[in-house]
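Okay, so here's the structure we're looking at.
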Amino acid sequence: MKNYKLDTYAKDLLDGLETPINADALWDNVQTELYPEKEKKFGWVWFSASSILAVILFSGYVYMSNTTASDQDVRLKDKVAQKAEITNKKKTAPSIVDNDNSTETNTTTKEGKIKSETTTIPENTITPKQVTKTNVAEQTENKIIETNSNLPKAQQDSKRAANKVKRTITASSGKEAKEIKTEGPQNNEANTLKTKTDGLQKSNAPIETKKEIPATKVIDDETKKLIIAAEEETKKNLEDPVLDTPEEDDGDNESLRKFKRNFQFGVGFRAGISNSLTTLSAKDEDDMQLRVLRSQSEKNLETIDLGLDVLIKHKSGLYLSAGLDYLKATRKLEFNSKVTTEAFVPGVSAIYVNPITMDTIREQGEVLQTTTTTKTKEVYNNLHLINIPVNLGVGFDYEQWTFGVQGGASLNVFVKQKGQVMIGEASFYDIGEDGENWFKDNLGVSFQGAALVGYNFTDNFQIVGGPSFRSPIIVSEDANPIKQSQVGLGFQVNARYWFD
Amino acid sequence: MRYSPMLMTISLRYTDTKPGAQDVLQDSLVKIIKSIAQYQHSGSFTAWMKRIVINTALKSKSRIRYKFEHSGLDNAPEQELAPEAYANLNAAELMKLINSLPDGFREIFNLAAIEGYSHKEIGELLQIAPSTSRSQLARARKLLQTKLVKLEKMTA
């Protein structure tokens, strides 16, 4: 009965005993476990809304940039000039400058002053006439002047415009600089400006004509009125196929030029390392013991990711990237089991020593034998993931430095897991084999973001890096009683090359 | 939350490590909150919570059956145990001593001696016969007694 007293003593001492704990941390964990779905839902909604908003803003910005007022003006002026030409052609006799060998230079000025034109005349070509037609649309500050050669003969200068324009053209041919003076009205039924180019009439060698056109021109009031009138008419007839048809080729080139002016392509390589914070949550109350078992036996190690990107950047600094990404997250399974068994075995239970004679007496009896069996297991669980990331970012340059942020979504397209997890006492499940389809792929979309600081080594090459974040990647949800998701917090480095 | 320290002690009695006990306590609290509507006011609320913690802790072992323990002391004579052998033990020392028992013994001893469960209740909980519970408790007591004797000899 004495042992029952021990029971009572143990109960009195231990029942109701309190062990100090960190109540705040415990309560936080409990709350997280109680309301995980709500948080996840919020995250998805927030990220989805942000991504959609970012794409809309980016698209809107690009559209607005491509349809600025100046561009519209240039387009309009081109149409005005062409319309005027067509109108004149209808009103006048056929051009006497109906010559295949004539070289016509149609000059459109977009906010520009300098004009550097190069006209190459084929070898062994005798140029009976060279006609220079200039449509002055607008003159503002220094800018590029676009030159279109070899336009159809029918497109000749407006009589009214030509008769009013006075200009001095300084032409240089080879080593000689020629002064060409054009005064109207010319004796030209086709209403064109003729430019006599002495020395170019009979040339057997390829001739390069370089003309410096000073930004000096005179447009009187009547011309202005005519331009305005034609402009209004053109506005009304923008859909007129007569106007649209000859512009098709130029339109394509123009679009390409504008695209090249506004956008830049690039390629990038990305490497990152992060701490993959894995969350295990039981889908059912009955599975909680399994969750506890796994959370006790597994711990997170590092996650690495490598990626290749193709980028397109707008001149404003906004860029869009897409690519392929490989991610490897590692967890470690550690199992330590210490089983102790005790048994009484025959042996020397006591040794008595006579202090005087120093004789020893060994008392035989039963001695307690303790046997400890230790089992340990270490397995590295690797999660291999292939993603297709799409990121929207913005970067600002300050001297050689660049600063920016980027964010986007990744489509998780492939996952492979290898390793083992505990499913019972000293019982393991091979996730590589996955006979019960526990780790069935259940991939979707994850989100990521990064703040980047970098250095532009050349105009084309830059290296940027900074802290990065990756939203949960859910890697096992369907068949597995334990939902496992990975969140990444780490650092990434990007090496980018931008093409001219 | 004022019950948490007390529930933590219970959790510690049935688990091997402190982090494990914290996990068990956390899961138990989740269960308690989720199923608080099912609590029938027929019994003590504390006892109801204790039962949830114990159930969760036992389930966390993830084993199908109760693990029968053999101490090798079945034929050993029952020794006289003077109250002085354990009277000087404080709570932490006694708990450590109980926790050093093999799992099966520890569970039975805790359930029977400290929680005050009957052998029938223990049998239902561990899915064993009440007689098995009784015999396992006797073995557990004997082993604990042996440990106390050994401890007494060491400290004497």
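Identifiers in the structure tokens: chain A, B, ... in order shown; residue index from 1 per chain; ligand index from 1 in order shown.
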Given a cut-off of 6 Å, which residues of chain A touch chain B, counting only C-alpha atoms, written out as a list in words?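 Here they are: Asp7, Lys11, Leu13, Gly16, Leu17, Glu18, Thr19, Pro20, Val30, Gln289, Glu342, Ala343 and Gly424 of chain A.
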Contact residues around Ile32 (chain B) with only C-alpha atoms at 9 Å, ignoring same-chain residues under 3 positions, as number ranges by chain: B: 27-29, 35-36, 39, 48-49, 52-53
Enter the distance from CA of Lys338 (chain A) to CA of Thr372 (chain A), in Å, rounded to one decimal.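 Rounded to one decimal, the two atoms are 6.6 Å apart.
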